[in-house]
$ cat structure27.txt   # compact mmCIF, C-alpha atoms and all ligand atoms
# COMPACT_ATOMS: atom_id res chain seq x y z
CA MET A 107 -9.19 -13.74 10.06
CA ALA A 108 -11.88 -11.70 11.85
CA GLY A 109 -10.52 -10.45 15.14
CA ASN A 110 -6.99 -10.19 13.75
CA PRO A 111 -5.47 -7.08 15.41
CA VAL A 112 -4.28 -5.71 12.05
CA GLU A 113 -7.80 -5.96 10.65
CA THR A 114 -9.15 -4.37 13.82
CA HIS A 115 -6.73 -1.47 13.38
CA TYR A 116 -7.82 -0.76 9.79
CA GLY A 117 -11.45 -1.85 9.76
CA ARG A 118 -14.31 0.63 10.03
CA SER A 119 -17.84 -0.52 9.36
CA ASP A 120 -19.35 2.68 7.89
CA LEU A 121 -16.49 3.33 5.49
CA GLY A 122 -18.51 2.92 2.27
CA GLU A 123 -21.09 5.51 3.30
CA ALA A 124 -18.38 7.91 4.49
CA ILE A 125 -16.49 7.65 1.18
CA LEU A 126 -19.59 8.06 -1.00
CA ALA A 127 -20.79 11.04 1.08
CA ALA A 128 -17.36 12.71 0.81
CA LEU A 129 -17.20 12.16 -2.97
CA LYS A 130 -20.65 13.75 -3.35
CA ALA A 131 -19.70 16.64 -1.06
CA ALA A 132 -16.60 17.20 -3.23
CA GLY A 133 -18.89 17.51 -6.27
CA LYS A 134 -17.81 14.23 -7.92
CA ASP A 135 -20.24 12.58 -10.33
CA LEU A 136 -20.66 9.05 -8.94
CA ASP A 137 -21.80 7.81 -12.37
CA HIS A 138 -18.59 8.92 -14.06
CA LEU A 139 -15.87 8.42 -11.44
CA THR A 140 -12.25 7.99 -12.52
CA PRO A 141 -9.25 6.69 -10.54
CA ASP A 142 -8.02 10.31 -10.43
CA ASP A 143 -11.19 11.33 -8.54
CA LEU A 144 -10.48 8.67 -5.91
CA ALA A 145 -6.72 9.19 -5.54
CA PRO A 146 -6.89 11.45 -2.45
CA ILE A 147 -8.66 8.60 -0.60
CA ASP A 148 -7.67 5.29 -2.14
CA GLU A 149 -3.91 5.79 -2.46
CA PHE A 150 -3.52 4.80 1.19
CA HIS A 151 0.19 5.30 1.75
CA GLY A 152 2.66 8.14 2.26
CA GLY A 153 3.30 10.03 -0.99
CA GLN A 154 -0.01 8.82 -2.47
CA ARG A 155 -0.39 8.91 -6.30
CA PRO A 156 2.99 10.55 -7.06
CA ALA A 157 4.73 7.74 -5.12
CA THR A 158 2.73 5.10 -7.04
CA ILE A 159 3.74 6.71 -10.34
CA ARG A 160 7.41 6.72 -9.24
CA LEU A 161 7.36 3.02 -8.36
CA ALA A 162 5.46 2.09 -11.56
CA GLU A 163 8.04 3.93 -13.66
CA LEU A 164 10.82 1.97 -11.93
CA VAL A 165 9.09 -1.28 -12.96
CA GLY A 166 8.61 -0.07 -16.55
CA PHE A 167 5.15 -1.60 -17.16
CA THR A 168 4.14 -2.28 -20.76
CA GLY A 169 0.50 -3.10 -19.95
CA THR A 170 0.76 -6.83 -20.75
CA GLU A 171 1.70 -7.77 -17.18
CA ARG A 172 -0.40 -9.91 -14.85
CA VAL A 173 0.06 -8.13 -11.49
CA LEU A 174 -0.59 -9.10 -7.86
CA ASP A 175 -0.97 -6.23 -5.35
CA VAL A 176 -0.21 -7.57 -1.85
CA GLY A 177 -1.94 -5.62 0.92
CA SER A 178 -4.01 -3.84 -1.72
CA GLY A 179 -6.12 -1.79 0.72
CA LEU A 180 -8.93 0.10 -1.04
CA GLY A 181 -7.34 -0.80 -4.38
CA GLY A 182 -6.21 2.65 -5.54
CA PRO A 183 -2.76 1.61 -6.81
CA SER A 184 -4.21 -1.59 -8.40
CA ARG A 185 -6.81 0.46 -10.29
CA TYR A 186 -4.16 2.98 -11.35
CA LEU A 187 -2.03 0.17 -12.89
CA ALA A 188 -5.12 -1.30 -14.60
CA TRP A 189 -6.38 2.06 -15.87
CA HIS A 190 -3.14 3.80 -16.82
CA TYR A 191 -1.18 0.85 -18.20
CA GLY A 192 -3.92 -1.69 -18.98
CA CYS A 193 -2.43 -4.38 -16.70
CA ARG A 194 -4.64 -7.18 -15.33
CA VAL A 195 -4.38 -6.77 -11.54
CA SER A 196 -5.46 -8.91 -8.58
CA GLY A 197 -5.32 -7.52 -5.06
CA VAL A 198 -5.24 -9.41 -1.78
CA ASP A 199 -5.82 -7.86 1.62
CA LEU A 200 -6.31 -9.01 5.21
CA THR A 201 -8.97 -6.38 6.00
CA ALA A 202 -12.35 -7.62 4.75
CA GLU A 203 -13.89 -4.14 4.80
CA PHE A 204 -11.12 -2.82 2.53
CA VAL A 205 -11.73 -5.66 0.07
CA ARG A 206 -15.43 -4.69 -0.04
CA MET A 207 -14.44 -1.04 -0.61
CA ALA A 208 -11.96 -2.04 -3.33
CA GLU A 209 -14.71 -3.97 -5.12
CA MET A 210 -17.21 -1.10 -4.78
CA LEU A 211 -14.75 1.51 -6.07
CA THR A 212 -13.70 -0.77 -8.95
CA ARG A 213 -17.37 -1.09 -10.01
CA LEU A 214 -17.81 2.69 -9.77
CA THR A 215 -14.77 3.26 -11.99
CA ARG A 216 -15.89 0.54 -14.45
CA LEU A 217 -12.65 -1.44 -14.09
CA THR A 218 -14.05 -4.82 -13.02
CA ASP A 219 -12.69 -6.49 -16.17
CA LYS A 220 -9.17 -5.40 -15.22
CA ALA A 221 -8.98 -5.52 -11.40
CA ASP A 222 -10.30 -7.98 -8.78
CA PHE A 223 -9.78 -8.28 -5.05
CA ARG A 224 -9.67 -11.09 -2.49
CA HIS A 225 -9.71 -11.33 1.26
CA GLY A 226 -6.55 -13.18 2.25
CA ASN A 227 -3.24 -13.21 4.06
CA ALA A 228 0.04 -12.24 2.40
CA LEU A 229 1.68 -15.09 4.34
CA GLU A 230 -0.53 -17.63 2.55
CA LEU A 231 -1.23 -16.09 -0.83
CA PRO A 232 -4.31 -17.70 -2.40
CA PHE A 233 -2.64 -18.13 -5.81
CA GLU A 234 -0.79 -20.85 -7.73
CA ASP A 235 3.00 -20.86 -8.05
CA MET A 236 4.40 -18.73 -10.90
CA SER A 237 1.10 -16.92 -11.65
CA PHE A 238 2.30 -13.32 -11.94
CA ASP A 239 4.71 -11.20 -13.97
CA VAL A 240 4.83 -8.53 -11.26
CA VAL A 241 4.14 -8.66 -7.52
CA TRP A 242 3.57 -5.15 -6.17
CA SER A 243 3.27 -4.04 -2.56
CA GLN A 244 3.14 -0.59 -0.96
CA ASN A 245 3.18 0.07 2.77
CA ALA A 246 1.85 -3.30 3.88
CA ALA A 247 4.91 -5.18 5.17
CA MET A 248 5.21 -2.97 8.27
CA ASN A 249 2.27 -4.95 9.70
CA ILE A 250 3.97 -8.30 8.98
CA ALA A 251 6.51 -9.82 11.38
CA ASP A 252 7.52 -12.90 9.38
CA ARG A 253 9.35 -11.25 6.51
CA ASP A 254 11.15 -14.45 5.46
CA ARG A 255 7.80 -16.10 4.84
CA LEU A 256 6.30 -12.97 3.22
CA TYR A 257 9.09 -12.65 0.67
CA ARG A 258 9.14 -16.41 0.02
CA GLU A 259 5.39 -16.26 -0.72
CA MET A 260 5.88 -13.29 -3.06
CA ALA A 261 8.69 -15.15 -4.86
CA ARG A 262 6.59 -18.33 -5.07
CA VAL A 263 3.78 -16.67 -7.05
CA LEU A 264 6.18 -14.84 -9.38
CA LYS A 265 7.14 -16.33 -12.73
CA PRO A 266 10.88 -16.89 -13.20
CA GLY A 267 12.30 -13.51 -14.21
CA GLY A 268 9.21 -11.77 -12.82
CA LYS A 269 9.57 -8.55 -10.84
CA LEU A 270 8.78 -7.61 -7.26
CA ALA A 271 8.05 -3.89 -6.76
CA LEU A 272 8.14 -2.60 -3.21
CA GLN A 273 7.45 0.62 -1.37
CA GLU A 274 8.14 -0.06 2.30
CA VAL A 275 8.59 1.68 5.60
CA ALA A 276 11.90 0.62 7.23
CA ALA A 277 13.30 1.07 10.72
CA GLY A 278 15.54 4.13 11.08
CA SER A 279 18.56 4.32 13.35
CA ALA A 280 17.02 6.58 16.03
CA GLY A 281 14.84 4.07 17.86
CA PRO A 282 11.21 2.99 17.66
CA PRO A 283 8.54 5.24 16.12
CA HIS A 284 6.19 7.50 18.03
CA TYR A 285 2.61 6.17 18.03
CA PRO A 286 -0.10 6.36 16.87
CA GLU A 287 1.20 5.85 13.34
CA GLN A 288 -0.99 5.25 10.31
CA TRP A 289 -0.33 1.49 10.36
CA ALA A 290 -0.45 0.95 14.13
CA ARG A 291 -1.74 2.69 17.23
CA THR A 292 0.60 0.64 19.42
CA PRO A 293 3.85 -1.31 18.81
CA GLY A 294 1.99 -4.67 18.92
CA ILE A 295 1.22 -4.69 15.16
CA SER A 296 4.25 -2.72 13.96
CA PHE A 297 7.22 -4.69 12.61
CA LEU A 298 9.91 -2.49 11.12
CA PHE A 299 13.27 -3.79 9.88
CA SER A 300 16.30 -1.88 8.64
CA GLN A 301 16.77 -1.54 4.90
CA GLU A 302 19.83 -3.81 5.17
CA ALA A 303 17.95 -6.58 7.01
CA THR A 304 15.06 -6.30 4.53
CA ARG A 305 17.42 -6.63 1.59
CA GLU A 306 19.00 -9.74 3.12
CA ALA A 307 15.58 -11.37 3.63
CA LEU A 308 14.62 -10.57 0.03
CA GLU A 309 17.84 -12.00 -1.37
CA ALA A 310 17.44 -15.15 0.75
CA ALA A 311 14.01 -15.63 -0.91
CA GLY A 312 15.65 -15.80 -4.36
CA LEU A 313 15.13 -12.17 -5.36
CA ARG A 314 17.89 -10.11 -6.96
CA VAL A 315 17.92 -6.35 -6.44
CA LEU A 316 17.62 -4.40 -9.70
CA VAL A 317 16.85 -0.98 -8.15
CA TRP A 318 16.98 0.22 -4.55
CA HIS A 319 16.13 3.86 -3.79
CA ASP A 320 16.00 5.41 -0.34
CA THR A 321 12.96 7.72 -0.70
CA THR A 322 12.94 9.03 2.87
CA GLN A 323 13.39 12.67 1.83
CA ALA A 324 10.46 12.59 -0.63
CA ALA A 325 8.34 10.83 2.02
CA LEU A 326 9.32 13.46 4.60
CA ASP A 327 8.37 16.33 2.26
CA ALA A 328 4.95 14.74 1.65
CA ALA A 329 4.45 13.92 5.35
CA GLN A 330 5.37 17.46 6.44
CA ALA A 331 2.85 18.96 4.01
CA ARG A 332 0.16 16.65 5.39
CA ALA A 333 1.14 17.37 9.00
CA ARG A 334 0.84 21.13 8.35
CA ASN A 335 -2.65 20.65 6.93
CA ALA A 336 -3.61 18.44 9.89
CA GLY A 337 -3.64 21.58 12.05
CA GLY A 338 -6.83 22.80 10.36
CA PRO A 339 -10.21 21.27 9.56
CA ALA A 340 -10.30 17.94 7.72
CA PRO A 341 -10.30 18.25 3.92
CA ILE A 342 -13.39 16.84 2.18
CA LEU A 343 -11.41 14.03 0.54
CA GLY A 344 -8.46 12.35 2.21
CA THR A 345 -7.18 9.27 3.97
CA HIS A 346 -8.40 10.70 7.29
CA LEU A 347 -11.74 9.14 6.24
CA ILE A 348 -10.08 5.74 6.66
CA LEU A 349 -7.82 6.46 9.61
CA GLY A 350 -10.47 7.51 12.11
CA ALA A 351 -10.59 10.06 14.93
CA ASP A 352 -6.84 10.20 15.68
CA TRP A 353 -5.79 10.98 12.08
CA GLN A 354 -4.21 14.32 13.04
CA ALA A 355 -1.88 12.68 15.60
CA MET A 356 -1.00 10.01 13.00
CA PHE A 357 -0.07 12.59 10.36
CA ARG A 358 2.03 14.55 12.87
CA ASN A 359 3.83 11.38 14.01
CA SER A 360 4.48 10.27 10.42
CA ALA A 361 6.36 13.52 9.76
CA ARG A 362 8.13 13.44 13.13
CA ASN A 363 9.24 9.81 12.76
CA LEU A 364 10.74 10.47 9.33
CA GLU A 365 12.33 13.74 10.50
CA GLU A 366 13.97 12.04 13.52
CA ARG A 367 14.98 9.04 11.39
CA ARG A 368 12.90 6.64 13.42
CA THR A 369 11.42 5.55 10.10
CA GLU A 370 12.72 5.52 6.53
CA LEU A 371 11.04 4.77 3.24
CA PHE A 372 12.43 2.92 0.24
CA ASN A 373 11.44 1.77 -3.22
CA ALA A 374 12.89 -1.40 -4.65
CA VAL A 375 12.48 -3.51 -7.77
CA LEU A 376 13.79 -7.07 -7.64
CA GLU A 377 13.91 -9.93 -10.11
CA HIS A 378 12.89 -13.49 -9.25
CA VAL A 379 15.94 -15.58 -9.96
CA GLY A 380 14.72 -18.68 -8.11
C1 LIG A 401 -1.45 1.30 4.72
S1 LIG A 401 -2.46 0.13 3.92
C2 LIG A 401 -1.83 0.21 2.26
C3 LIG A 401 -2.85 -0.20 1.24
C4 LIG A 401 -2.42 -0.14 -0.22
N1 LIG A 401 -1.22 -0.93 -0.44
C5 LIG A 401 -2.18 1.28 -0.65
O1 LIG A 401 -1.00 1.65 -0.75
O2 LIG A 401 -3.14 2.01 -0.93
C6 LIG A 401 -1.80 -1.43 4.50
C7 LIG A 401 -2.63 -2.59 4.06
O3 LIG A 401 -1.94 -3.82 4.31
C8 LIG A 401 -2.90 -4.79 4.68
N2 LIG A 401 -2.22 -5.89 5.35
C9 LIG A 401 -1.52 -5.87 6.51
N3 LIG A 401 -1.08 -7.09 6.83
C10 LIG A 401 -1.49 -7.93 5.84
C11 LIG A 401 -1.36 -9.33 5.59
N4 LIG A 401 -0.71 -10.14 6.43
N5 LIG A 401 -1.91 -9.84 4.47
C12 LIG A 401 -2.59 -9.04 3.60
N6 LIG A 401 -2.76 -7.72 3.79
C13 LIG A 401 -2.22 -7.16 4.88
C14 LIG A 401 -3.86 -4.01 5.56
O4 LIG A 401 -5.09 -4.68 5.71
C15 LIG A 401 -3.95 -2.70 4.79
O5 LIG A 401 -4.98 -2.72 3.86

$ encode --input "structure27.txt" --output "structure tokens"
Amino acid sequence: MAGNPVETHYGRSDLGEAILAALKAAGKDLDHLTPDDLAPIDEFHGGQRPATIRLAELVGFTGTERVLDVGSGLGGPSRYLAWHYGCRVSGVDLTAEFVRMAEMLTRLTRLTDKADFRHGNALELPFEDMSFDVVWSQNAAMNIADRDRLYREMARVLKPGGKLALQEVAAGSAGPPHYPEQWARTPGISFLFSQEATREALEAAGLRVLVWHDTTQAALDAAQARARNAGGPAPILGTHLILGADWQAMFRNSARNLEERRTELFNAVLEHVG
């Protein structure tokens, strides 16, 4: 997988040092870190922790669920589900450096008995059929062209009656996004589909829609607040630590793309009906 253009986009070799230095500079006690301390950095998607809480509430977790987080990044949402609800969560991600970060941050928050992470591809999930009660994925599919295969893989590892929880960026009606965006600096690794086309692909994989919310307005409000702050100096803690030198342009484009309806955001919960 090394050399994969998606991994090249996200990967950054000194990320661990940068995150630890920022946490110290923000006055966090590294011996007593909580998922709340990490949320400004490790919730690596538009809307951050509030969006994760919204999606989790749509699922209605009881804490007994075995959960797979596809495209788990630094593991922030996985740790939140493990910590807040008590779920047992596995994450899988294509970017090896993010998997290392997810493991480091899980050790630092003392959640290793509840959350684990693997380097792997969502198109070939390294898990047995029917292993999970919930498959969860936030802002990962926009890097994945073969949606039929992605959703088939997600359905394969779900138990019958299990739930798929999605937060995804969709194509808007106004044409392709302005780049750089947070998931791609160029169109080569950006694969956006309309909400309608996405829903069709999900249904064809044996998934029945229980909830479908267009969350573009909430995403726009969050993106505009971030774009305004991107005019000034970088905050101590934030996803700019992951994004790299062009983070300000990415934040501005995120807001602009949503505003111009080049992108949309949705939340969905589906049931595996086979
Ligand atoms: C914007 S980040 C979101 C991370 C995490 N879901 C979150 O919300 O904090 C997108 C993630 O998707 C991962 N990703 C992209 N394509 C993937 C694939 N084919 N298989 C597994 N992970 C993938 C990237 O490596 C990256 O970590």

$ residues_near_ligand --input "structure27.txt" --ligand "ligand LIG 401 (chain A)" --cutoff "7 Å" --atoms "only C-alpha atoms and all ligand atoms" --output "ChimeraX atom specification"
/A:112-113,116,148-151,176-183,198-201,204,226-229,243-247,249-250,288-289

$ write_last_selection --input "structure27.txt" --atoms "C-alpha atoms" --output "short mmCIF file (atom, residue, chain, number, x, y, z; two decimals), in the coordinates of the input"
data_model
loop_
_atom_site.label_atom_id
_atom_site.label_comp_id
_atom_site.auth_asym_id
_atom_site.auth_seq_id
_atom_site.Cartn_x
_atom_site.Cartn_y
_atom_site.Cartn_z
CA VAL A 112 -4.28 -5.71 12.05
CA GLU A 113 -7.80 -5.96 10.65
CA TYR A 116 -7.82 -0.76 9.79
CA ASP A 148 -7.67 5.29 -2.14
CA GLU A 149 -3.91 5.79 -2.46
CA PHE A 150 -3.52 4.80 1.19
CA HIS A 151 0.19 5.30 1.75
CA VAL A 176 -0.21 -7.57 -1.85
CA GLY A 177 -1.94 -5.62 0.92
CA SER A 178 -4.01 -3.84 -1.72
CA GLY A 179 -6.12 -1.79 0.72
CA LEU A 180 -8.93 0.10 -1.04
CA GLY A 181 -7.34 -0.80 -4.38
CA GLY A 182 -6.21 2.65 -5.54
CA PRO A 183 -2.76 1.61 -6.81
CA VAL A 198 -5.24 -9.41 -1.78
CA ASP A 199 -5.82 -7.86 1.62
CA LEU A 200 -6.31 -9.01 5.21
CA THR A 201 -8.97 -6.38 6.00
CA PHE A 204 -11.12 -2.82 2.53
CA GLY A 226 -6.55 -13.18 2.25
CA ASN A 227 -3.24 -13.21 4.06
CA ALA A 228 0.04 -12.24 2.40
CA LEU A 229 1.68 -15.09 4.34
CA SER A 243 3.27 -4.04 -2.56
CA GLN A 244 3.14 -0.59 -0.96
CA ASN A 245 3.18 0.07 2.77
CA ALA A 246 1.85 -3.30 3.88
CA ALA A 247 4.91 -5.18 5.17
CA ASN A 249 2.27 -4.95 9.70
CA ILE A 250 3.97 -8.30 8.98
CA GLN A 288 -0.99 5.25 10.31
CA TRP A 289 -0.33 1.49 10.36
#

$ closest_residue --input "structure27.txt" --among "A:Ala202, A:Leu217, A:Leu164, A:Ala251" --to "A:Tyr186" --atoms "only C-alpha atoms"
A:Leu217

$ atom_distance --input "structure27.txt" --atom1 "atom CA of A:Pro146" --atom2 "atom CA of A:Leu343"
6.0 Å

$ atom_distance --input "structure27.txt" --atom1 "atom CA of A:Ala208" --atom2 "atom CA of A:Asp222"
8.2 Å

$ residues_near_point --input "structure27.txt" --point "(5.7, 12.9, 15.8)" --cutoff "10 Å" --atoms "all atoms listed in the file" --output "list in words"
Pro283, His284, Tyr285, Pro286, Glu287, Ala333, Ala355, Met356, Phe357, Arg358, Asn359, Ser360, Ala361, Arg362, Asn363, Leu364, Glu365, Glu366 and Arg368 of chain A

$ closest_residue --input "structure27.txt" --among "A:Ile147, A:Ala128, A:Ile295, A:Val375" --to "A:Val240" --atoms "all atoms listed in the file"
A:Val375

$ residues_near_point --input "structure27.txt" --point "(6.9, -17.7, -9.1)" --cutoff "10 Å" --atoms "all atoms listed in the file" --output "mmCIF file with C-alpha atoms, keeping the file's coordinate frame"
data_model
loop_
_atom_site.group_PDB
_atom_site.id
_atom_site.type_symbol
_atom_site.label_atom_id
_atom_site.label_comp_id
_atom_site.auth_asym_id
_atom_site.auth_seq_id
_atom_site.Cartn_x
_atom_site.Cartn_y
_atom_site.Cartn_z
ATOM 1 C CA GLU A 234 -0.790 -20.850 -7.730
ATOM 2 C CA ASP A 235 3.000 -20.860 -8.050
ATOM 3 C CA MET A 236 4.400 -18.730 -10.900
ATOM 4 C CA SER A 237 1.100 -16.920 -11.650
ATOM 5 C CA PHE A 238 2.300 -13.320 -11.940
ATOM 6 C CA ASP A 239 4.710 -11.200 -13.970
ATOM 7 C CA VAL A 240 4.830 -8.530 -11.260
ATOM 8 C CA VAL A 241 4.140 -8.660 -7.520
ATOM 9 C CA ARG A 258 9.140 -16.410 0.020
ATOM 10 C CA GLU A 259 5.390 -16.260 -0.720
ATOM 11 C CA MET A 260 5.880 -13.290 -3.060
ATOM 12 C CA ALA A 261 8.690 -15.150 -4.860
ATOM 13 C CA ARG A 262 6.590 -18.330 -5.070
ATOM 14 C CA VAL A 263 3.780 -16.670 -7.050
ATOM 15 C CA LEU A 264 6.180 -14.840 -9.380
ATOM 16 C CA LYS A 265 7.140 -16.330 -12.730
ATOM 17 C CA PRO A 266 10.880 -16.890 -13.200
ATOM 18 C CA GLY A 267 12.300 -13.510 -14.210
ATOM 19 C CA GLY A 268 9.210 -11.770 -12.820
ATOM 20 C CA LYS A 269 9.570 -8.550 -10.840
ATOM 21 C CA HIS A 378 12.890 -13.490 -9.250
ATOM 22 C CA VAL A 379 15.940 -15.580 -9.960
ATOM 23 C CA GLY A 380 14.720 -18.680 -8.110
#

$ atom_distance --input "structure27.txt" --atom1 "atom CA of A:Leu211" --atom2 "atom CA of A:Leu231"
22.8 Å

$ closest_atom_pairs --input "structure27.txt" --of "stretch 148-241 of chain A" --to "stretch 316-325 of chain A" --cutoff "9 Å" --atoms "all atoms listed in the file" --output "tab-separated table"
residue	atom	partner	partner_atom	distance
A:Gly152	CA	A:Ala325	CA	6.3
A:Gly153	CA	A:Ala325	CA	5.9
A:Ala157	CA	A:Ala325	CA	8.6
A:Leu164	CA	A:Val317	CA	7.7

$ closest_residue --input "structure27.txt" --among "A:Ala331, A:Arg213, A:Ala303, A:Val315" --to "A:Leu136" --atoms "all atoms listed in the file"
A:Arg213

$ closest_residue --input "structure27.txt" --among "A:Arg118, A:His346, A:Arg332, A:His138" --to "A:Thr212" --atoms "only C-alpha atoms"
A:His138

$ closest_residue --input "structure27.txt" --among "A:Gly312, A:Pro232, A:Gly278, A:Gly294" --to "A:Asp254" --atoms "only C-alpha atoms"
A:Gly312

$ closest_residue --input "structure27.txt" --among "A:Leu121, A:Ala374, A:Leu139, A:Gly109" --to "A:Leu347" --atoms "only C-alpha atoms"
A:Leu121

$ residues_around --input "structure27.txt" --residues "A:Leu161" --least-positions-apart "2" --cutoff "9 Å" --atoms "all atoms listed in the file" --output "compact mmCIF listing (two decimals) with C-alpha atoms, in the frame of the given file"
# COMPACT_ATOMS: atom_id res chain seq x y z
CA PRO A 156 2.99 10.55 -7.06
CA ALA A 157 4.73 7.74 -5.12
CA THR A 158 2.73 5.10 -7.04
CA ILE A 159 3.74 6.71 -10.34
CA GLU A 163 8.04 3.93 -13.66
CA LEU A 164 10.82 1.97 -11.93
CA VAL A 165 9.09 -1.28 -12.96
CA GLY A 166 8.61 -0.07 -16.55
CA ALA A 271 8.05 -3.89 -6.76
CA LEU A 272 8.14 -2.60 -3.21
CA GLN A 273 7.45 0.62 -1.37
CA ASN A 373 11.44 1.77 -3.22
CA ALA A 374 12.89 -1.40 -4.65
CA VAL A 375 12.48 -3.51 -7.77

$ decode --input "structure27.txt" --residues "stretch 116-134 of chain A" --atoms "N, CA and C atoms" --output "mmCIF file, in the first residue's frame"
data_model
loop_
_atom_site.group_PDB
_atom_site.id
_atom_site.type_symbol
_atom_site.label_atom_id
_atom_site.label_comp_id
_atom_site.auth_asym_id
_atom_site.auth_seq_id
_atom_site.Cartn_x
_atom_site.Cartn_y
_atom_site.Cartn_z
ATOM 1 N N TYR A 116 -2.298 11.942 2.765
ATOM 2 C CA TYR A 116 -2.530 12.101 4.204
ATOM 3 C C TYR A 116 -1.261 11.968 5.046
ATOM 4 N N GLY A 117 -0.314 11.163 4.571
ATOM 5 C CA GLY A 117 0.814 10.792 5.425
ATOM 6 C C GLY A 117 1.746 11.958 5.730
ATOM 7 N N ARG A 118 2.303 11.953 6.922
ATOM 8 C CA ARG A 118 3.269 12.972 7.330
ATOM 9 C C ARG A 118 4.125 12.330 8.410
ATOM 10 N N SER A 119 5.435 12.274 8.183
ATOM 11 C CA SER A 119 6.241 11.395 9.017
ATOM 12 C C SER A 119 6.456 11.902 10.447
ATOM 13 N N ASP A 120 6.399 13.229 10.674
ATOM 14 C CA ASP A 120 6.672 13.733 12.028
ATOM 15 C C ASP A 120 5.387 14.029 12.807
ATOM 16 N N LEU A 121 4.304 13.361 12.413
ATOM 17 C CA LEU A 121 3.002 13.707 12.989
ATOM 18 C C LEU A 121 2.939 13.468 14.507
ATOM 19 N N GLY A 122 3.514 12.349 14.959
ATOM 20 C CA GLY A 122 3.456 12.025 16.390
ATOM 21 C C GLY A 122 4.104 13.119 17.229
ATOM 22 N N GLU A 123 5.292 13.539 16.810
ATOM 23 C CA GLU A 123 5.980 14.600 17.575
ATOM 24 C C GLU A 123 5.174 15.889 17.550
ATOM 25 N N ALA A 124 4.621 16.221 16.379
ATOM 26 C CA ALA A 124 3.846 17.470 16.254
ATOM 27 C C ALA A 124 2.624 17.438 17.172
ATOM 28 N N ILE A 125 1.945 16.289 17.243
ATOM 29 C CA ILE A 125 0.739 16.197 18.081
ATOM 30 C C ILE A 125 1.114 16.283 19.564
ATOM 31 N N LEU A 126 2.153 15.548 19.961
ATOM 32 C CA LEU A 126 2.539 15.561 21.383
ATOM 33 C C LEU A 126 3.000 16.956 21.801
ATOM 34 N N ALA A 127 3.765 17.628 20.915
ATOM 35 C CA ALA A 127 4.244 18.976 21.233
ATOM 36 C C ALA A 127 3.062 19.939 21.372
ATOM 37 N N ALA A 128 2.067 19.802 20.492
ATOM 38 C CA ALA A 128 0.902 20.702 20.550
ATOM 39 C C ALA A 128 0.088 20.450 21.819
ATOM 40 N N LEU A 129 -0.068 19.171 22.195
ATOM 41 C CA LEU A 129 -0.834 18.864 23.411
ATOM 42 C C LEU A 129 -0.139 19.459 24.639
ATOM 43 N N LYS A 130 1.200 19.353 24.667
ATOM 44 C CA LYS A 130 1.951 19.939 25.794
ATOM 45 C C LYS A 130 1.791 21.451 25.800
ATOM 46 N N ALA A 131 1.937 22.050 24.605
ATOM 47 C CA ALA A 131 1.832 23.519 24.506
ATOM 48 C C ALA A 131 0.446 23.994 24.941
ATOM 49 N N ALA A 132 -0.572 23.144 24.742
ATOM 50 C CA ALA A 132 -1.941 23.510 25.145
ATOM 51 C C ALA A 132 -2.178 23.236 26.633
ATOM 52 N N GLY A 133 -1.129 22.762 27.333
ATOM 53 C CA GLY A 133 -1.235 22.540 28.776
ATOM 54 C C GLY A 133 -1.895 21.217 29.154
ATOM 55 N N LYS A 134 -1.997 20.278 28.196
ATOM 56 C CA LYS A 134 -2.625 18.984 28.505
ATOM 57 C C LYS A 134 -1.633 18.098 29.254
#
